[in-house]
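Student: I am attaching a structure below and will ask some questions about it afterwards.
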Amino acid sequence: MAATDDPAYVDHPLLNPGFIERRRYQLELAGTARNAHTLVCLPTGLGKTTVSLLVTADRLDEHGGKVLFLAPTKPLVQQHAEFYREALAAPDEEIVVFTGEISPDNRAEAWDDARVVVATPQVVENDLVGSRISLAEVTHLTFDECHRATGDYAYVYIAERYHEDAETPLVTGMSASPGGDKDAILTVCRNLGITEVEVMTEDDADVDEYTHDTSVEWERIELPDEILQIRDALNEVIKDRLGKLKQLGVTNTTQPDVSQKQLNQMRGKLQELMNADKSEGYKGMSTHAEVMKLRRAVELVETQSVESVRRYFERQRNAARSSGASKASQRLVAEPRVREAMKLAESFDGTHPKFSRARILLAQTLGIEGGERVIVFTESRDTAEALTEFLSASFAVEKFVGQGDKESSEGMTQKEQQETLDAFRDGEFEVLVSTSVAEEGLDVPEVDLVCFFEPVPTAIRSIQRKGRTGRQAEGRVVVLLAEDTRDEAYFWISRRREKEMESELRELKSVAGDIESELNPPQGALDAYESAVESEPEDADGGSATDAGPSGGSADDDAESDGGTESAAGARTDGQAGLTDFGATDEEIERARGDGDESADGEAGDDGADEEDDSEGIVATAGDDADETEIVVDQRELDAAIAKDLSKRDGVRTRLETLAVGDYVLSDRVAVERKSVSDFLDTLLDGERSLFEQIGDLARAYARPVLIVEGDGLYEERNVHPGAIRGALASLAVDFDVSVLRTRDEDDTADLLLTIAEREQGERDRTVSVHGEKSAKTLAEQQEYVVSSIADIGPVTAQSLLQEFGTVEGVMTAREDDLREVDGVGEVTAERIREVVGSDYE
């Protein structure tokens, strides 16, 4: 960085003058990170984002292109975007935000013109899988809170794609707490393709002047008899249910403080009984579900609040009354001792001692000591709401919780979250009661006290929370701990893990060079490794057991393997015949059928070559690029790794749609419904929408429907007579003219999908259409088909429009105001319909 007239600030052509304070440790970290893929470990509040910003400015200045900054939550994304807009000498419109609230079409359009994109990883992952964006021009990619880069978290996939696709890639990973041990840190580094590790602790001289001591106090809370009675009533039921599981031989204990590890072991043994088709396994699994629900209730009443357990019981009652309620839920609310616990909770009119102690701590900090701000963290949203109401009688308090909640608790919109943080920063209120959403990296203002309503059982989360205080002055942390409860266990776990992490960070700092050697083995070692991989026999899944992936992806057991086999689908590398080696050639098939001109109507049009792909209808593929195969994937299939696997393969273009029928579209006549063995049996027996309904819709839309049944144990997994399963398969093949194919796993399914798509689009020169080619529809179906093709609306909305206006012509000529009156049609959709119907054709 060049010198400046004011030595207190960083001078750079792309940074606004007088904005970034010159701190030596940040400049040193940025100096390393600008030259190599780097992990930056720095205590919370000391400016990791500034380090990334300095690197970003250099990369944009020297290499151009665009930069991508990923953060795990929407509030963090907004915060980082505002910081970049304030710091960078660039127009605000060139710094854009990508979250799920922005439509895919708008994201794709904004991507092209942006210089800085700040995004949540999930939307970037989806846009990459859907081929909406390209990372080719991204010259700097930052992973905030990069310790998340394990397993199948989106960071792992994005990093692999970045190293493969970018012309001049550079990765910066940032975290105050990268992992609990050396192996965890190495896993993160390998998953992100990181080669350098830079660690600075509060002990470093350059850092020390910007930090202050934070004391941690543990306060033990004694629970009153009324709360213990609720807990004891629930524990009696847990003992009874564990006794039943003991009779099945899956456990040796009936103690209610059974650990989660023991419960997981029980579940594994019950699964073995189910796989052996023993009815005891199914009954035991239902009993196990009761134990899990009861343990959650005990944890709430012990460590959270009576109000939180009241709300939990209410949700259980509602679940038991709902259609399709599980037997575990029904038995739970009918159990007399549980009903007794419910009555005790409802009649409790006292104050949980944690609430009282929190109020005293706030009075000391804000009143006696003259403090200005306090954060109270809690695990439970119910507790956050109840605690906010309780403390509001004495202080100016606001809650800060996440957006969505599966149990119908009221959340906060992204706008509300940002407004709350701004008001807290401006001193409009003094106490923020927050769930875990404010833990990671969020730039909340300096506070005088952080109160943990309960111990946090992980070192990473504990360190993140404590980092909210002690930035500008001495800070205080108080942890409330209910005696003789799970709080005790979490207390010891947290202390042990924090000490391990602190020790590991110090060790990491002292042996950073050795770790970098592991990440960057000398060329001789690389040659030996590659030689070993080449000679290694393939495992059962067709992949090398030691393969770490193209960007240094981790080969650890806990890392997700998305790559699958990299050879062209259908080509075997073990000398055996592949899928394409058997069966008739195209010419033989055409001669036998006598319709050799069948594919002529599927010829790709010239005008489809550069079309973006989010609209429904026919999209040319064979005419676009002779070497590119397109596969359309239903949005709901993203839970599986298949789409990500396919998107990483050379010559494959994946596209995301919300499909009316099927899970994958491979041509204008081939669509695929994929079912795991469990899904297949579920939809066959008791699914909301039966298998035959789904396949019937698929067969009406596509001339060559395919059903893939994935996994083993079709005749063993559920207590279903084999004859019934064979009958269903026979009906699908004979009555519905559906090809039923079996695959081993997701990798095998991906290979099969690609093989079919390549044959259809390459050898047969067919196009891809999400509507299919089959036209044997009823008049009503054809009318729905026509309407649903407008403006990306689905079949349900099409039916609503036809019911409202009577005819297709009525829908086409309806005014925009009238369209908006129809269920499922909002302002945007109504405008789009009128635009499509009323615009001149060009």
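By convention here, the chains of the structure tokens are called A, B, ... in the order presented, each chain's residues are numbered starting at 1, and ligands are numbered starting at 1 in the order presented.
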Near segment 97-111 of chain A, counting only C-alpha atoms, which residues have an atom at most 6 Å away, once you skip same-chain residues fewer than 4 positions from it, shown as a PyMOL selection string?
Tutor: chain A and resi 117-120+132
Student: Pick out the closest residue to Ser134 of chain A from this set: A:Lys66, A:Leu707, A:Val40, A:Glu94. Count only C-alpha atoms.
Tutor: A:Lys66
Student: Taking the backbone alone, and naming residues the way the document does, which bits of segment 144-283 of chain A are alpha helix (DSSP H) by DSSP, as a PyMOL selection string?
Tutor: chain A and resi 154-165+182-192+205-208+225-247+260-275+279-283
Student: May I ask which of the residues A:Ser177, A:Val298, A:Asp113, A:Gly696 is the closest one to Ser731 of chain A, counting only C-alpha atoms?
Tutor: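 Using only C-alpha atoms, Ser731 of chain A sits closest to A:Gly696.
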Student: Tell me, as a PyMOL selection string, which residues lie within 10 Å of segment 643-646 of chain A, counting only C-alpha atoms; anything in the same chain fewer than 4 positions away does not count.
Tutor: chain A and resi 125-126+128-130+157-158+161+561-566+630-635+637-639+650-656+664+746-747+750-751+753-754
Student: Here is a test: counting only C-alpha atoms, which residue of A:Ile360, A:Leu519, A:Ala136, A:Ala386 is nearest to Thr195 of chain A?
Tutor: A:Leu519
Student: Name the closest residue to Gly193 of chain A among the candidates A:His37, A:Arg744, A:Lys283, A:Arg296; distances are taken between atoms, counting only C-alpha atoms.
Tutor: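 Among A:His37, A:Arg744, A:Lys283, A:Arg296, it is A:His37 that comes nearest to Gly193 of chain A.
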Student: With distances taken over only C-alpha atoms, which of A:Val808, A:Ser667, A:Ala334, A:Leu46 is nearest to Arg24 of chain A?
Tutor: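 Selected residue with least distance to Arg24 of chain A: A:Leu46.
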Student: As an exercise, work out the distance from atom CA of Lys48 of chain A to atom CA of Glu160 of chain A in Å and give it to one decimal place.
Tutor: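 Value for the atom CA of Lys48 of chain A-atom CA of Glu160 of chain A distance: 23.0 Å.
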Student: Can you pull out the residues contacting segment 828-841 of chain A? Cut-off 8 Å, using only C-alpha atoms, and skip same-chain residues under 5 positions away; I want them as a ChimeraX atom specification.
Tutor: /A:790-791,793,812,815-817,819-820
Student: Go ahead and compute the interatomic distance for atom CA of Gln417 of chain A and atom CA of Ser305 of chain A, in Å to one decimal.
Tutor: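 Value for the atom CA of Gln417 of chain A-atom CA of Ser305 of chain A distance: 24.3 Å.
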